[in-house]
Structures are given as C-alpha cells and as structure tokens.
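Colleague: Just one file: upload-v9.txt, with compact mmCIF, C-alpha atoms and all ligand atoms.
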# COMPACT_ATOMS: atom_id res chain seq x y z
CA MET O 95 56.84 114.52 134.02
CA PRO O 96 57.50 115.69 130.46
CA ILE O 97 56.22 119.10 129.38
CA GLU O 98 53.12 118.79 127.20
CA VAL O 99 51.42 121.57 125.27
CA THR O 100 48.15 120.80 123.48
CA LEU O 101 46.28 123.17 121.21
CA ILE O 102 42.72 122.53 122.38
CA ASP O 103 40.90 124.94 120.11
CA HIS O 104 41.36 128.17 118.17
CA THR O 105 39.46 130.78 116.17
CA LYS O 106 37.89 128.74 113.38
CA ASP O 107 39.51 130.47 110.42
CA PRO O 108 42.30 132.70 111.78
CA ILE O 109 43.21 134.21 108.40
CA ARG O 110 39.61 135.10 107.60
CA ALA O 111 39.14 136.54 111.11
CA LEU O 112 42.21 138.75 110.70
CA TYR O 113 41.29 139.71 107.15
CA MET O 114 37.83 140.78 108.30
CA ALA O 115 39.24 142.72 111.25
CA TYR O 116 41.79 144.61 109.14
CA ARG O 117 39.55 145.00 106.08
CA VAL O 118 36.76 146.64 108.03
CA CYS O 119 39.27 149.32 109.06
CA TYR O 120 40.43 150.09 105.54
CA SER O 121 37.35 149.50 103.37
CA ALA O 122 34.21 151.41 102.43
CA LEU O 123 32.40 148.05 102.42
CA THR O 124 30.38 146.88 105.40
CA PRO O 125 31.48 143.70 107.22
CA GLU O 126 28.47 141.94 105.67
CA GLN O 127 29.60 142.93 102.18
CA VAL O 128 33.16 141.76 102.85
CA LEU O 129 31.81 138.48 104.21
CA ALA O 130 29.61 138.00 101.11
CA ARG O 131 32.65 138.48 98.86
CA ILE O 132 34.57 135.90 100.87
CA ALA O 133 31.63 133.48 100.69
CA ASP O 134 31.32 133.68 96.88
CA GLU O 135 35.12 133.64 96.51
CA ARG O 136 35.48 137.05 94.92
CA ILE O 137 37.98 137.38 97.76
CA SER O 138 40.07 134.20 97.73
CA HIS O 139 42.01 132.70 100.63
CA GLU O 140 45.26 133.72 98.85
CA LYS O 141 44.08 137.31 98.60
CA MET O 142 43.15 137.36 102.29
CA LEU O 143 46.53 135.86 103.16
CA GLU O 144 48.44 138.41 101.11
CA PHE O 145 46.53 141.26 102.75
CA VAL O 146 47.00 139.87 106.26
CA GLU O 147 50.71 139.22 105.74
CA ALA O 148 51.20 142.83 104.62
CA ARG O 149 49.36 144.07 107.74
CA LEU O 150 51.52 141.85 109.94
CA GLN O 151 54.51 143.96 108.84
CA THR O 152 52.88 147.05 110.34
CA GLY O 153 52.33 148.25 113.89
CA HIS O 154 48.54 147.87 113.63
CA MET O 155 48.24 145.36 116.45
CA SER O 156 44.71 145.47 117.83
CA PRO O 157 43.11 143.31 115.06
CA LEU O 158 45.43 140.51 116.20
CA GLU O 159 43.44 140.32 119.42
CA GLN O 160 40.51 138.92 117.43
CA VAL O 161 42.19 135.54 117.00
CA VAL O 162 42.51 133.31 120.06
CA PHE O 163 44.19 130.02 120.86
CA GLU O 164 43.31 127.67 123.73
CA PHE O 165 46.06 125.49 125.16
CA GLY O 166 46.39 122.75 127.75
CA ILE O 167 49.83 122.83 129.37
CA SER O 168 51.09 120.15 131.76
CA GLY O 169 54.27 118.91 133.39
CA VAL O 170 55.60 122.41 134.05
CA SER O 171 57.11 123.50 137.34
CA ARG O 172 55.83 126.09 139.75
CA ALA O 173 59.10 127.95 139.01
CA PHE O 174 57.77 128.29 135.46
CA SER O 175 54.22 129.12 136.49
CA HIS O 176 55.32 132.04 138.69
CA GLN O 177 56.78 133.63 135.55
CA PHE O 178 53.95 132.64 133.23
CA VAL O 179 51.19 134.30 135.26
CA ARG O 180 53.07 137.62 135.27
CA HIS O 181 51.68 138.19 131.77
CA ARG O 182 48.66 140.40 132.36
CA ILE O 183 47.19 141.33 129.03
CA GLY O 184 45.36 139.19 126.45
CA ILE O 185 45.85 135.90 128.27
CA SER O 186 43.56 134.07 130.67
CA PHE O 187 44.86 131.36 132.97
CA GLU O 188 43.34 128.53 134.94
CA GLN O 189 45.88 126.61 136.99
CA GLN O 190 45.70 123.41 139.02
CA SER O 191 45.10 124.30 142.66
CA GLN O 192 47.29 123.15 145.54
CA ARG O 193 44.39 123.97 147.86
CA TYR O 194 41.78 121.75 146.27
CA VAL O 195 44.11 119.02 145.03
CA THR O 196 45.74 117.03 147.84
CA TYR O 197 48.72 114.90 146.84
CA GLN O 198 48.15 111.29 147.86
CA GLY O 199 50.74 109.18 149.69
CA GLY O 200 53.04 112.20 149.96
CA GLU O 201 53.90 111.89 146.28
CA PHE O 202 53.91 114.96 144.12
CA PRO O 203 55.12 115.16 140.51
CA TYR O 204 58.13 117.41 139.90
CA SER O 205 60.66 118.41 137.24
CA VAL O 206 64.40 117.96 137.45
CA PRO O 207 66.41 120.45 135.36
CA ARG O 208 68.97 118.94 133.02
CA THR O 209 71.75 120.92 134.74
CA VAL O 210 70.93 119.17 138.03
CA GLN O 211 71.09 115.78 136.29
CA GLN O 212 74.37 116.74 134.61
CA ALA O 213 75.80 117.75 138.00
CA GLY O 214 74.91 114.25 139.29
CA LEU O 215 72.59 115.74 141.91
CA ALA O 216 69.22 114.37 140.74
CA ASP O 217 69.21 111.62 143.40
CA ASP O 218 69.93 114.15 146.15
CA MET O 219 67.01 116.22 144.90
CA ALA O 220 64.76 113.15 144.86
CA ALA O 221 65.80 112.24 148.44
CA LEU O 222 64.99 115.74 149.69
CA PHE O 223 61.62 115.73 147.95
CA ALA O 224 60.80 112.27 149.35
CA GLU O 225 61.36 113.71 152.84
CA ALA O 226 59.17 116.73 152.04
CA GLY O 227 56.51 114.35 150.65
CA ALA O 228 56.58 112.21 153.79
CA LEU O 229 56.12 115.26 156.02
CA TYR O 230 53.34 116.54 153.74
CA GLU O 231 51.56 113.19 154.14
CA LYS O 232 52.05 113.31 157.92
CA MET O 233 50.56 116.82 158.03
CA VAL O 234 47.56 115.85 155.90
CA ALA O 235 46.98 112.78 158.12
CA ALA O 236 47.14 115.09 161.17
CA GLY O 237 44.36 117.23 159.69
CA VAL O 238 46.48 120.05 158.23
CA PRO O 239 44.61 121.31 155.15
CA ALA O 240 46.31 120.91 151.77
CA GLU O 241 46.54 124.72 151.47
CA ASP O 242 48.88 124.71 154.49
CA ALA O 243 50.68 121.41 153.89
CA ARG O 244 51.69 122.81 150.48
CA PHE O 245 54.03 125.26 152.22
CA LEU O 246 56.52 122.37 152.11
CA LEU O 247 56.36 121.90 148.36
CA PRO O 248 59.27 123.04 146.20
CA ASN O 249 59.30 125.24 143.10
CA ALA O 250 59.98 122.04 141.15
CA THR O 251 56.44 120.73 141.84
CA ASN O 252 54.54 120.23 138.59
CA THR O 253 51.41 122.12 137.73
CA ASN O 254 48.88 122.22 134.87
CA PHE O 255 47.17 125.02 132.98
CA LYS O 256 44.29 125.64 130.67
CA ILE O 257 44.81 129.01 129.01
CA THR O 258 43.28 131.17 126.31
CA VAL O 259 45.57 133.69 124.66
CA ASN O 260 44.96 136.08 121.82
CA PHE O 261 47.44 136.31 118.98
CA ALA O 262 48.72 139.80 119.93
CA ALA O 263 49.56 138.55 123.43
CA LEU O 264 51.12 135.39 122.05
CA LEU O 265 53.41 137.46 119.80
CA HIS O 266 54.49 139.51 122.82
CA ILE O 267 55.10 136.41 124.92
CA ALA O 268 57.14 134.84 122.10
CA ASP O 269 59.13 138.09 121.73
CA LEU O 270 60.27 137.79 125.34
CA ARG O 271 60.22 134.08 126.05
CA LEU O 272 61.79 132.68 122.88
CA CYS O 273 64.73 135.00 123.58
CA THR O 274 67.76 133.06 124.80
CA ARG O 275 67.65 135.17 127.98
CA ALA O 276 64.36 133.56 129.02
CA GLN O 277 64.24 130.50 131.28
CA TRP O 278 64.64 127.14 129.45
CA GLU O 279 61.26 125.82 130.54
CA PHE O 280 59.46 128.94 129.31
CA ARG O 281 61.32 128.74 126.00
CA LYS O 282 60.27 125.11 125.66
CA VAL O 283 56.59 125.86 126.39
CA VAL O 284 56.48 128.74 123.92
CA SER O 285 58.32 126.66 121.28
CA LEU O 286 55.65 123.98 121.64
CA MET O 287 52.89 126.59 121.40
CA ARG O 288 54.53 127.95 118.28
CA ALA O 289 54.75 124.47 116.73
CA ALA O 290 51.06 123.91 117.44
CA VAL O 291 50.09 127.25 115.84
CA VAL O 292 52.31 126.52 112.82
CA ARG O 293 50.35 123.29 112.27
CA VAL O 294 46.97 125.08 112.04
CA ALA O 295 47.97 128.53 110.77
CA PRO O 296 51.54 128.41 109.41
CA GLU O 297 51.55 132.04 108.27
CA LEU O 298 50.78 133.19 111.82
CA GLY O 299 52.89 130.58 113.57
CA ARG O 300 55.99 131.61 111.62
CA THR O 301 55.76 135.13 113.05
CA LEU O 302 56.11 133.79 116.60
CA GLN O 303 59.80 134.52 117.03
CA PRO O 304 62.11 136.03 119.63
CA LYS O 305 61.94 139.82 119.37
CA CYS O 306 65.19 139.89 117.36
CA GLY O 307 63.62 137.63 114.67
CA GLU O 308 63.41 138.92 111.11
CA ARG O 309 59.60 138.94 111.35
CA ARG O 310 59.71 140.88 114.63
CA MET O 311 62.04 143.82 115.49
CA GLY O 312 64.97 142.24 113.66
CA TYR O 313 67.53 143.44 116.22
CA CYS O 314 68.48 142.77 119.84
CA ASP O 315 67.71 145.35 122.53
CA GLU O 316 69.11 143.37 125.45
CA ASP O 317 72.36 144.52 127.08
CA TYR O 318 75.45 144.30 124.91
CA ASP O 319 77.17 141.56 126.91
CA ALA O 320 74.06 139.38 126.65
CA TRP O 321 73.94 139.97 122.89
CA GLU O 322 77.60 138.99 122.55
CA ALA O 323 76.96 135.78 124.50
CA CYS O 324 73.85 134.86 122.51
CA PRO O 325 74.14 132.33 119.65
CA ILE O 326 71.38 134.18 117.75
CA GLY O 327 73.49 137.35 118.16
CA ARG O 328 75.73 136.02 115.38
CA LYS O 329 72.79 136.53 112.99
CA ARG O 330 70.94 139.51 114.49
CA PRO O 331 72.46 142.96 115.02
CA HIS O 332 72.45 144.78 118.31
CA LYS O 333 70.45 148.01 118.51
CA SER O 334 73.48 150.12 119.44
CA ASP O 335 75.46 148.86 116.42
CA LEU O 336 72.60 149.85 114.15
CA PHE O 337 72.56 153.34 115.66
CA ASN O 338 76.35 153.62 115.30
CA LEU O 339 75.98 152.79 111.62
CA TYR O 340 73.07 155.15 111.20
CA ASN O 341 74.91 158.03 112.87
CA ALA O 342 77.99 157.36 110.75
CA TYR O 343 75.75 157.40 107.67
CA ARG O 344 74.23 160.72 108.72
CA ARG O 345 77.71 162.15 109.19
CA GLY O 346 78.50 161.03 105.63
CA GLU O 347 81.22 158.71 106.85
CA LEU O 348 80.06 155.53 105.15
CA ALA O 349 80.78 156.39 101.53
CA ASP O 350 84.48 155.50 101.70
CA LEU O 351 84.24 152.59 104.11
CA ASP O 352 85.21 149.05 103.17
CA ALA O 353 83.96 145.85 104.83
CA ALA O 354 86.68 145.92 107.52
CA ASP O 355 85.66 149.43 108.55
CA MET O 356 82.03 148.39 108.73
CA GLU O 357 82.98 145.58 111.10
CA LEU O 358 84.90 148.02 113.25
CA ILE O 359 81.86 150.26 113.56
CA ALA O 360 79.71 147.26 114.45
CA SER O 361 82.08 146.34 117.28
CA GLU O 362 82.18 149.86 118.80
C1 LIG O 401 64.21 137.68 130.66
C2 LIG O 401 63.21 138.12 131.69
C3 LIG O 401 63.59 138.30 133.01
C4 LIG O 401 62.68 138.71 133.97
N1 LIG O 401 63.10 138.89 135.25
C5 LIG O 401 62.24 139.32 136.20
C6 LIG O 401 62.64 139.54 137.55
O1 LIG O 401 63.80 139.35 137.90
N2 LIG O 401 61.72 139.93 138.46
C7 LIG O 401 60.41 140.18 138.11
O2 LIG O 401 59.62 140.57 138.96
N3 LIG O 401 60.00 139.97 136.84
C8 LIG O 401 60.86 139.55 135.88
N4 LIG O 401 60.43 139.34 134.60
C9 LIG O 401 59.00 139.51 134.29
C10 LIG O 401 58.67 140.90 133.74
O3 LIG O 401 59.01 141.92 134.66
C11 LIG O 401 57.15 141.02 133.40
O4 LIG O 401 56.41 140.78 134.58
C12 LIG O 401 56.74 140.03 132.33
O5 LIG O 401 57.55 140.18 131.19
C13 LIG O 401 55.27 140.23 131.94
O6 LIG O 401 55.00 141.58 131.71
P1 LIG O 401 54.88 142.24 130.27
O7 LIG O 401 54.64 143.67 130.49
O8 LIG O 401 56.01 141.86 129.42
O9 LIG O 401 53.62 141.52 129.56
P2 LIG O 401 52.07 141.62 129.83
O10 LIG O 401 51.76 141.75 131.26
O11 LIG O 401 51.47 140.46 129.13
O12 LIG O 401 51.65 142.93 129.10
C14 LIG O 401 51.74 143.07 127.69
C15 LIG O 401 51.98 144.51 127.34
O13 LIG O 401 50.81 145.25 127.70
C16 LIG O 401 51.19 146.53 128.17
N5 LIG O 401 50.75 146.69 129.58
C17 LIG O 401 50.51 145.70 130.46
N6 LIG O 401 50.09 146.19 131.64
C18 LIG O 401 50.09 147.53 131.50
C19 LIG O 401 49.79 148.60 132.37
N7 LIG O 401 49.40 148.41 133.62
N8 LIG O 401 49.94 149.85 131.89
C20 LIG O 401 50.32 150.08 130.63
N9 LIG O 401 50.64 149.12 129.75
C21 LIG O 401 50.52 147.86 130.17
C22 LIG O 401 52.70 146.64 128.05
O14 LIG O 401 53.05 147.18 126.80
C23 LIG O 401 53.12 145.20 128.11
O15 LIG O 401 54.37 144.95 127.55
C24 LIG O 401 61.32 138.95 133.61
C25 LIG O 401 60.94 138.76 132.28
C26 LIG O 401 61.85 138.36 131.33
C27 LIG O 401 61.38 138.16 129.90
Mind converting the file's structure to structure tokens?
Ligand SMILES: Cc1cc2nc3c(=O)[nH]c(=O)nc-3n(C[C@H](O)[C@H](O)[C@H](O)COP(=O)(O)OP(=O)(O)OC[C@H]3O[C@@H](n4cnc5c(N)ncnc54)[C@H](O)[C@@H]3O)c2cc1C

Modeller:
Amino acid sequence: MPIEVTLIDHTKDPIRALYMAYRVCYSALTPEQVLARIADERISHEKMLEFVEARLQTGHMSPLEQVVFEFGISGVSRAFSHQFVRHRIGISFEQQSQRYVTYQGGEFPYSVPRTVQQAGLADDMAALFAEAGALYEKMVAAGVPAEDARFLLPNATNTNFKITVNFAALLHIADLRLCTRAQWEFRKVVSLMRAAVVRVAPELGRTLQPKCGERRMGYCDEDYDAWEACPIGRKRPHKSDLFNLYNAYRRGELADLDAADMELIASE
C-alpha cells in the first residue's frame, strides 16, 4: 500500500489566528479591537504576515499552539506507528485497531522497504507473511480473538491514523523527523504533511524543516560522524565547528586568518 497523507482540515485562517495570538501579547488593544481592525482592513493580510514572520524568528512558541492541522494518514507500517505515537505533546492520535478490525481471509496489507526489494528478498518476505496470514486465519476460525491472533502480525503490517497536531508540535516533529537520521517512512510522512501545509499556508509550511534548516536552528547538533555522513551537512555547519570558530574569535585569532585557515578550524 502506498503512503497517503491527507490534510482533512485546519484552523480556518492560520495567519490571522497567529497574528491575533501574538498581537494580544504585545498590544494595548483588546482582542475585539484587533479583530475589528482586521475586519475593516486597517490591518491587512500582508501586515499580519509580516508580523507573524518576524515572530516566527523568535523563541515565542506558545502562540503556535493556536493553529491546528488534521491529517488522515494511511499505508504506513506498524514499525512507523511505534515511533509516531512516542510524540506526547500537542498531537492527538487515533489509530486503526487490531483488536476491533479482523483481517479477512488471512490477508493483511503491509509495506516492503525498498532496501528489501533491492536485495531481491521481497518474495521471501511475501511468502513468510502468507504463512503468518494463513495461521492468523486458522486461529480466527478456531475462535481466537483478533486481539490475540494479531500476535502473529509483523511490524510491516499497515495501519491508518487520524491525527490533530498543533503547529508548535508539527515544527518539533519536523525538526526531528525530516533529519536524515530519522527513519525513511517517518521522513516521507512528514514531507507529505509539509507539502500539504505549504499548499494552504505557504509561509508556515516553509518553516517545517529539519532542525538544521535555515528557518530552524541552522546547525546540526547530531554526533559529528553523523553530520559528516549527512548530505545536508555539506550545507549546514555542525554545532562544534561553530563553537570552535566562536572561541577562536573570542581569542582574537580570526583577524589574520585566510579561507584555508577557516576550513582547518571547521574540520577540527
Ligand atoms: C533519530 C531518532 C532516533 C530515536 N531512537 C530511539 C530509540 O532508539 N529508542 C527510543 O525509545 N526512542 C527513540 N527515539 C524517540 C525519542 O526518544 C522520543 O520518544 C521522540 O523523539 C518523541 O519525544 P520528544 O520529546 O521529541 O517529543 P514530544 O513527546 O512530542 O514532546 C515535545 C517536547 O515537549 C517537551 N516534553 C514532552 N514531555 C515532557 C515531559 N514529560 N517533561 C518535560 N518536557 C516534556 C520536550 O521539550 C519535548 O521535546 C528516537 C527519535 C529520533 C528522532
């Protein structure tokens, strides 16, 4: 089954919602007065956008919780879902049950990783799962409840979600799960979420980046070997290199350095 991510619904006007949330913090006006100025266009959409984009550069995060996105997610594996539901804050999950949904005819949908296909082992995987499916069917026919027959099912078994996530949580999830260190399936799901948000609120969607993105921290804080192995690492500095440079600057050592020296410091 292919992975599908559908944006079901979202806060009606995300930019206005964020503008209101931030503005109320920083203005002598009441929310009603701010709203009236938006309604009669004394505060234009462009002005709201400019204000919100400036706030997005800051660490003032809690207003971001006032914008929510609802997604349907299907065709993902239980290997993925184990990781997904570890996120605890700002996200609400409903997941297809293996207790209340009984697979019919011993057939359950599952995902085959590309690496397994490339290794020429997809047929072996299918044969093993067919055996598991047949035994599952036999158990169900013998009166074993689905909640117990499912003990046979592999991590590859597909599952479906309906989730609601606020924008602050989505930024955090993108920080971690768009990183090249995250599992491929998670990266794919979050990329599809990002694409869906970009379509309805491009200014917000663009900020959904791995944590090293220029709109996020801007540097990598993973271990150095991982940074060296990462294709994005060619564009984003590692935290320790930045500190080496900063310390050299504080010691007054940068004034006489040429480009080759700078590279040497970066590789320390
Ligand atoms: C590359 C990668 C590898 C991983 N490998 C493993 C692994 O091998 N084994 C494993 O078990 N897990 C692993 N995880 C999952 C990881 O440990 C977390 O469970 C997952 O990232 C979700 O937790 P979170 O804190 O990031 O986010 P959330 O649970 O969504 O929380 C968001 C933020 O809220 C705050 N917060 C949340 N709960 C609390 C609290 N109780 N107290 C104070 N602040 C809180 C924190 O700032 C947190 O970052 C991995 C994750 C990644 C990205």

Colleague: Residues within 9 Å of ligand LIG 401 (chain O), counting only C-alpha atoms and all ligand atoms: report them as a count of residues only.

Modeller: 23

Colleague: I'd like the neighbourhood of Arg117 (chain O) as an MDAnalysis selection string, where a residue qualifies if any of its atoms comes within 12 Å (using all atoms listed in the file), though same-chain residues fewer than 5 positions away should be ignored.

Modeller: chainID O and resid 109:112 122:129 131:132 137 141:143 145:146 148:149 157

Colleague: At a cut-off of 12 Å from (44.1, 128.8, 134.6) in the coordinates of the file, what residues are picked up using only C-alpha atoms, written as a list in words?

Modeller: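 It turns out the residues near that spot are Glu164, Phe165, Gly166, Ile167, Ser168, Ser175, Phe178, Val179, Ile185, Ser186, Phe187, Glu188, Gln189, Gln190, Ser191, Thr253, Asn254, Phe255, Lys256, Ile257, Thr258 and Val259 of chain O.
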
Colleague: One decimal, Å: what's the distance from CA of Asp317 (chain O) over to CA of Ser334 (chain O), could you say?

Modeller: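 Computing it gives 9.5 Å between the two atoms.
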
Colleague: So what do you get for CA of Tyr313 (chain O) versus CA of Val283 (chain O), distance-wise?

Modeller: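 Separation between CA of Tyr313 (chain O) and CA of Val283 (chain O): 23.1 Å.
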
Colleague: Can you measure CA of Gln303 (chain O) to CA of Ile102 (chain O) for me? One decimal in Å is fine.

Modeller: 21.5 Å

Colleague: Looking at O:Ala115, O:Val170, O:Met311, O:Cys306, which one is nearest to Met155 (chain O), with distances taken over all atoms listed in the file?

Modeller: O:Ala115

Colleague: Counting all atoms listed in the file, which of O:Pro207, O:Gly200, O:Gly214, O:Gly312 gets nearest to Ala243 (chain O)?

Modeller: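 Counting all atoms listed in the file, the residue closest to Ala243 (chain O) is O:Gly200.
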
Colleague: Which residues are close to Gln192 (chain O), i.e. within 9 Å by only C-alpha atoms, leaving aside same-chain residues fewer than 4 positions away? Reply as a PyMOL selection string.

Modeller: chain O and resi 196-197+240-241+244+253

Colleague: Find the residue from O:Met219, O:Leu302, O:Val284, O:Ala250 that sits nearest to Leu101 (chain O); use all atoms listed in the file when measuring.

Modeller: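 Checking each of O:Met219, O:Leu302, O:Val284, O:Ala250 against Leu101 (chain O), counting all atoms listed in the file, the winner is O:Val284.
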